[in-house]
file work-v3.pdb (PDB, C-alpha atoms, pLDDT in the B column)
ATOM      1  CA  MET F   1     107.331  99.332  99.112  1.00 80.00           C
ATOM      2  CA  PRO F   2     109.344  98.356 102.197  1.00 88.00           C
ATOM      3  CA  THR F   3     112.140 100.618 103.407  1.00 90.00           C
ATOM      4  CA  LYS F   4     115.646  99.509 104.436  1.00 93.00           C
ATOM      5  CA  GLU F   5     114.642  99.857 108.077  1.00 94.00           C
ATOM      6  CA  GLU F   6     111.575  97.648 107.606  1.00 95.00           C
ATOM      7  CA  ILE F   7     113.651  95.018 105.820  1.00 96.00           C
ATOM      8  CA  LEU F   8     116.219  95.074 108.631  1.00 97.00           C
ATOM      9  CA  ARG F   9     113.435  94.409 111.141  1.00 96.00           C
ATOM     10  CA  LEU F  10     112.138  91.553 108.985  1.00 97.00           C
ATOM     11  CA  LEU F  11     115.622  90.020 108.759  1.00 97.00           C
ATOM     12  CA  ASP F  12     115.674  89.808 112.566  1.00 96.00           C
ATOM     13  CA  ARG F  13     112.526  87.681 112.390  1.00 97.00           C
ATOM     14  CA  LEU F  14     114.426  85.045 110.388  1.00 97.00           C
ATOM     15  CA  GLU F  15     115.515  83.502 113.674  1.00 95.00           C
ATOM     16  CA  TYR F  16     112.070  81.974 114.107  1.00 96.00           C
ATOM     17  CA  GLU F  17     110.379  82.385 110.705  1.00 97.00           C
ATOM     18  CA  THR F  18     111.360  81.675 107.118  1.00 97.00           C
ATOM     19  CA  ALA F  19     111.687  84.492 104.605  1.00 96.00           C
ATOM     20  CA  ASP F  20     108.807  82.859 102.724  1.00 96.00           C
ATOM     21  CA  ASP F  21     106.626  83.520 105.811  1.00 96.00           C
ATOM     22  CA  LEU F  22     107.542  87.224 105.574  1.00 96.00           C
ATOM     23  CA  GLU F  23     106.778  87.674 101.876  1.00 95.00           C
ATOM     24  CA  ASN F  24     103.708  89.547 100.723  1.00 95.00           C
ATOM     25  CA  GLU F  25     102.248  91.356  97.737  1.00 95.00           C
ATOM     26  CA  THR F  26     105.126  93.867  97.652  1.00 96.00           C
ATOM     27  CA  LEU F  27     108.060  91.849  99.033  1.00 96.00           C
ATOM     28  CA  GLU F  28     109.938  88.776  97.778  1.00 97.00           C
ATOM     29  CA  PHE F  29     113.152  87.134  99.033  1.00 97.00           C
ATOM     30  CA  LYS F  30     115.394  85.258  96.597  1.00 97.00           C
ATOM     31  CA  PRO F  31     118.687  83.425  97.022  1.00 97.00           C
ATOM     32  CA  TRP F  32     121.691  84.711  95.077  1.00 97.00           C
ATOM     33  CA  GLU F  33     122.552  82.171  92.406  1.00 94.00           C
ATOM     34  CA  LYS F  34     126.079  81.429  91.213  1.00 93.00           C
ATOM     35  CA  SER F  35     125.094  82.420  87.675  1.00 94.00           C
ATOM     36  CA  ILE F  36     124.827  86.186  87.266  1.00 92.00           C
ATOM     37  CA  LYS F  37     122.760  85.542  84.130  1.00 94.00           C
ATOM     38  CA  ASP F  38     120.203  83.562  86.177  1.00 96.00           C
ATOM     39  CA  ASN F  39     119.999  86.378  88.759  1.00 96.00           C
ATOM     40  CA  ARG F  40     119.409  88.968  86.051  1.00 95.00           C
ATOM     41  CA  LYS F  41     116.714  86.876  84.383  1.00 96.00           C
ATOM     42  CA  LEU F  42     114.946  86.300  87.690  1.00 96.00           C
ATOM     43  CA  ALA F  43     115.148  89.997  88.558  1.00 97.00           C
ATOM     44  CA  THR F  44     113.587  90.901  85.209  1.00 97.00           C
ATOM     45  CA  GLU F  45     110.718  88.451  85.669  1.00 97.00           C
ATOM     46  CA  TYR F  46     109.986  89.729  89.179  1.00 97.00           C
ATOM     47  CA  ALA F  47     110.264  93.338  88.027  1.00 98.00           C
ATOM     48  CA  VAL F  48     107.520  92.712  85.460  1.00 98.00           C
ATOM     49  CA  CYS F  49     105.288  90.941  88.028  1.00 97.00           C
ATOM     50  CA  PHE F  50     105.641  93.672  90.640  1.00 97.00           C
ATOM     51  CA  ALA F  51     105.361  96.591  88.207  1.00 98.00           C
ATOM     52  CA  ASN F  52     102.107  95.246  86.769  1.00 97.00           C
ATOM     53  CA  ALA F  53     100.658  95.140  90.299  1.00 96.00           C
ATOM     54  CA  LYS F  54     101.514  97.637  93.056  1.00 95.00           C
ATOM     55  CA  GLY F  55     105.294  97.707  92.689  1.00 97.00           C
ATOM     56  CA  GLY F  56     107.530  96.187  95.336  1.00 96.00           C
ATOM     57  CA  THR F  57     110.968  95.002  96.393  1.00 97.00           C
ATOM     58  CA  VAL F  58     112.922  91.847  95.650  1.00 98.00           C
ATOM     59  CA  VAL F  59     115.601  91.091  98.256  1.00 98.00           C
ATOM     60  CA  PHE F  60     118.455  89.066  96.752  1.00 98.00           C
ATOM     61  CA  GLY F  61     120.857  87.120  98.956  1.00 98.00           C
ATOM     62  CA  VAL F  62     118.326  85.481 101.300  1.00 98.00           C
ATOM     63  CA  SER F  63     117.109  81.890 101.056  1.00 96.00           C
ATOM     64  CA  ASP F  64     113.363  81.912 101.476  1.00 89.00           C
ATOM     65  CA  ARG F  65     112.716  78.505 103.072  1.00 93.00           C
ATOM     66  CA  VAL F  66     115.347  78.408 105.836  1.00 93.00           C
ATOM     67  CA  LYS F  67     114.941  79.339 109.514  1.00 95.00           C
ATOM     68  CA  GLY F  68     117.811  80.992 111.322  1.00 96.00           C
ATOM     69  CA  ARG F  69     119.208  84.327 110.229  1.00 96.00           C
ATOM     70  CA  LYS F  70     122.777  83.056 109.729  1.00 96.00           C
ATOM     71  CA  LYS F  71     121.552  80.124 107.634  1.00 96.00           C
ATOM     72  CA  ALA F  72     119.085  82.152 105.564  1.00 97.00           C
ATOM     73  CA  ILE F  73     121.240  85.164 104.687  1.00 98.00           C
ATOM     74  CA  HIS F  74     124.134  84.323 102.394  1.00 97.00           C
ATOM     75  CA  GLY F  75     124.506  87.654 100.605  1.00 97.00           C
ATOM     76  CA  CYS F  76     125.399  88.550  97.019  1.00 97.00           C
ATOM     77  CA  ASN F  77     128.757  88.635  95.298  1.00 95.00           C
ATOM     78  CA  ASP F  78     130.348  89.341  91.911  1.00 93.00           C
ATOM     79  CA  TYR F  79     127.771  91.896  90.821  1.00 94.00           C
ATOM     80  CA  SER F  80     127.624  95.403  89.455  1.00 95.00           C
ATOM     81  CA  ILE F  81     124.573  97.457  90.395  1.00 97.00           C
ATOM     82  CA  ASP F  82     124.746  99.422  87.138  1.00 97.00           C
ATOM     83  CA  THR F  83     124.961  96.243  85.054  1.00 95.00           C
ATOM     84  CA  PHE F  84     122.073  94.705  87.017  1.00 94.00           C
ATOM     85  CA  LYS F  85     119.896  97.824  86.504  1.00 97.00           C
ATOM     86  CA  ASN F  86     120.809  98.041  82.824  1.00 98.00           C
ATOM     87  CA  SER F  87     119.969  94.374  82.327  1.00 97.00           C
ATOM     88  CA  ILE F  88     116.438  94.896  83.673  1.00 98.00           C
ATOM     89  CA  TYR F  89     116.071  98.022  81.535  1.00 98.00           C
ATOM     90  CA  ASP F  90     117.297  96.235  78.399  1.00 98.00           C
ATOM     91  CA  THR F  91     115.164  93.096  78.855  1.00 98.00           C
ATOM     92  CA  THR F  92     111.781  94.677  79.653  1.00 98.00           C
ATOM     93  CA  THR F  93     109.243  96.205  77.333  1.00 97.00           C
ATOM     94  CA  PRO F  94     108.706  99.044  77.677  1.00 98.00           C
ATOM     95  CA  SER F  95     112.113  99.538  79.246  1.00 98.00           C
ATOM     96  CA  MET F  96     111.824  99.738  83.035  1.00 98.00           C
ATOM     97  CA  LEU F  97     113.903 101.793  85.449  1.00 98.00           C
ATOM     98  CA  VAL F  98     114.412 100.235  88.882  1.00 98.00           C
ATOM     99  CA  ASN F  99     116.327 101.373  91.935  1.00 97.00           C
ATOM    100  CA  ILE F 100     118.857  98.972  93.483  1.00 97.00           C
ATOM    101  CA  GLU F 101     120.366  99.430  96.926  1.00 96.00           C
ATOM    102  CA  GLU F 102     122.993  97.484  98.796  1.00 97.00           C
ATOM    103  CA  LEU F 103     122.189  96.572 102.366  1.00 97.00           C
ATOM    104  CA  ILE F 104     125.215  95.475 104.369  1.00 97.00           C
ATOM    105  CA  VAL F 105     124.372  93.144 107.237  1.00 98.00           C
ATOM    106  CA  PRO F 106     126.731  91.019 109.366  1.00 97.00           C
ATOM    107  CA  GLU F 107     126.085  87.954 107.187  1.00 97.00           C
ATOM    108  CA  GLY F 108     126.944  89.699 103.902  1.00 97.00           C
ATOM    109  CA  THR F 109     125.671  92.245 101.410  1.00 98.00           C
ATOM    110  CA  ILE F 110     122.144  91.843 100.108  1.00 98.00           C
ATOM    111  CA  LEU F 111     120.582  93.686  97.200  1.00 98.00           C
ATOM    112  CA  LEU F 112     117.235  95.434  97.359  1.00 98.00           C
ATOM    113  CA  VAL F 113     115.655  95.778  93.921  1.00 98.00           C
ATOM    114  CA  HIS F 114     112.891  98.394  94.224  1.00 97.00           C
ATOM    115  CA  ILE F 115     110.349  98.211  91.424  1.00 98.00           C
ATOM    116  CA  PRO F 116     107.868 101.031  90.850  1.00 97.00           C
ATOM    117  CA  ALA F 117     104.245 100.308  89.935  1.00 97.00           C
ATOM    118  CA  ALA F 118     103.387 100.774  86.274  1.00 97.00           C
ATOM    119  CA  ASP F 119     101.277 103.722  85.206  1.00 96.00           C
ATOM    120  CA  ALA F 120      97.612 102.865  84.646  1.00 93.00           C
ATOM    121  CA  ASP F 121      98.068 102.775  80.869  1.00 95.00           C
ATOM    122  CA  THR F 122     101.272 100.664  80.902  1.00 96.00           C
ATOM    123  CA  THR F 123     101.728  96.896  81.032  1.00 97.00           C
ATOM    124  CA  TYR F 124     105.245  95.551  81.329  1.00 98.00           C
ATOM    125  CA  GLY F 125     106.606  92.361  79.834  1.00 97.00           C
ATOM    126  CA  THR F 126     109.954  90.770  79.161  1.00 97.00           C
ATOM    127  CA  LYS F 127     111.538  90.932  75.718  1.00 97.00           C
ATOM    128  CA  GLU F 128     110.952  87.144  75.655  1.00 95.00           C
ATOM    129  CA  GLY F 129     107.193  87.797  75.779  1.00 95.00           C
ATOM    130  CA  LEU F 130     106.467  87.045  79.452  1.00 94.00           C
ATOM    131  CA  TYR F 131     103.652  89.151  80.922  1.00 96.00           C
ATOM    132  CA  ARG F 132     102.761  88.496  84.576  1.00 94.00           C
ATOM    133  CA  ILE F 133     101.220  90.268  87.529  1.00 93.00           C
ATOM    134  CA  ARG F 134     101.854  89.760  91.229  1.00 93.00           C
ATOM    135  CA  GLN F 135      98.825  88.582  93.187  1.00 90.00           C
ATOM    136  CA  GLY F 136      99.360  88.065  96.882  1.00 85.00           C
ATOM    137  CA  LYS F 137     102.619  86.127  97.340  1.00 84.00           C
ATOM    138  CA  SER F 138     102.532  84.674  93.810  1.00 80.00           C
TER     139      SER F 138
END
call {"tool": "encode", "arguments": {"input": "work-v3.pdb", "output": "structure tokens"}}
result
Amino acid sequence: MPTKEEILRLLDRLEYETADDLENETLEFKPWEKSIKDNRKLATEYAVCFANAKGGTVVFGVSDRVKGRKKAIHGCNDYSIDTFKNSIYDTTTPSMLVNIEELIVPEGTILLVHIPAADADTTYGTKEGLYRIRQGKS
């Protein structure tokens, strides 16, 4: 799982690469949508995917197909970390605990959603019945 320092170094590479180029089995960049409900749903789906693999981090507030740091990073707004965490907990089965950190950069505040890997005898899904696993960048 990438650290804050590693993510900061990756953000510097946005000048000449897209965030999509930087993604891997344990890291995903996602733009922050206007709808908080859409962000929560997306976070839950990625939490399930990552947990069923090796765990990982979803970075919200970064467009993944744009070159140029200032163009790619737009940050997050109108959120509550506790509400975001509780939403993932309430919409996964079994209920999943994640860690969410704010990372303040010159372009705005981004959210790092750290998802632990599931125990060997646990498979996570959404309450809607979605069961996925992260393989490579997908």
call {"tool": "resolve_selection", "arguments": {"input": "work-v3.pdb", "expression": "the PyMOL selection byres ((chain F and resi 17-21) around 6)", "output": "list in words"}}
result
Arg13, Leu14, Tyr16, Leu22, Glu23, Asp64, Arg65, Val66 and Lys67 of chain F
call {"tool": "closest_residue", "arguments": {"input": "work-v3.pdb", "among": "F:Thr91, F:Asn24, F:Asn77, F:Thr3", "to": "F:Gln135", "atoms": "all atoms listed in the file"}}
result
F:Asn24
call {"tool": "atom_distance", "arguments": {"input": "work-v3.pdb", "atom1": "atom CA of F:Lys85", "atom2": "atom CA of F:Arg69"}}
result
27.3 Å
call {"tool": "closest_residue", "arguments": {"input": "work-v3.pdb", "among": "F:Glu102, F:Asp12, F:Glu25, F:Asp78", "to": "F:Ala51", "atoms": "only C-alpha atoms"}}
result
F:Glu25
call {"tool": "closest_residue", "arguments": {"input": "work-v3.pdb", "among": "F:Thr57, F:Thr83, F:Ser95, F:Ser138", "to": "F:Leu27", "atoms": "all atoms listed in the file"}}
result
F:Thr57
call {"tool": "atom_distance", "arguments": {"input": "work-v3.pdb", "atom1": "atom CA of F:Val58", "atom2": "atom CA of F:Ile81"}}
result
14.0 Å
call {"tool": "closest_residue", "arguments": {"input": "work-v3.pdb", "among": "F:Ile133, F:Leu11, F:Ile36, F:Ala53", "to": "F:Glu107", "atoms": "all atoms listed in the file"}}
result
F:Leu11
call {"tool": "residues_around", "arguments": {"input": "work-v3.pdb", "residues": "stretch 98-101 of chain F", "least_positions_apart": "6", "cutoff": "9 Å", "atoms": "only C-alpha atoms", "output": "list in words"}}
result
Lys4, Ala47, Ile81, Asp82, Phe84, Lys85, Ile88, Tyr89, Ile110, Leu111, Leu112, Val113, His114, Ile115 and Pro116 of chain F
call {"tool": "residues_around", "arguments": {"input": "work-v3.pdb", "residues": "F:Thr109", "least_positions_apart": "4", "cutoff": "12 Å", "atoms": "all atoms listed in the file", "output": "PyMOL selection string"}}
result
chain F and resi 32+59-62+73-79+101-105
call {"tool": "atom_distance", "arguments": {"input": "work-v3.pdb", "atom1": "atom CA of F:Arg134", "atom2": "atom CA of F:Asn52"}}
result
7.1 Å
call {"tool": "closest_residue", "arguments": {"input": "work-v3.pdb", "among": "F:Leu130, F:Ala120, F:Thr26, F:Pro94", "to": "F:Lys54", "atoms": "all atoms listed in the file"}}
result
F:Thr26
call {"tool": "residues_around", "arguments": {"input": "work-v3.pdb", "residues": "F:Thr126", "least_positions_apart": "2", "cutoff": "8 Å", "atoms": "all atoms listed in the file", "output": "compact mmCIF listing (two decimals) with C-alpha atoms, in the frame of the given file"}}
result
# COMPACT_ATOMS: atom_id res chain seq x y z
CA THR F 44 113.59 90.90 85.21
CA GLU F 45 110.72 88.45 85.67
CA VAL F 48 107.52 92.71 85.46
CA THR F 91 115.16 93.10 78.86
CA THR F 92 111.78 94.68 79.65
CA THR F 93 109.24 96.20 77.33
CA TYR F 124 105.24 95.55 81.33
CA GLU F 128 110.95 87.14 75.66
CA GLY F 129 107.19 87.80 75.78
CA LEU F 130 106.47 87.04 79.45
CA TYR F 131 103.65 89.15 80.92
call {"tool": "closest_residue", "arguments": {"input": "work-v3.pdb", "among": "F:Glu33, F:Asp119, F:Glu15, F:Asp38", "to": "F:Lys70", "atoms": "all atoms listed in the file"}}
result
F:Glu15
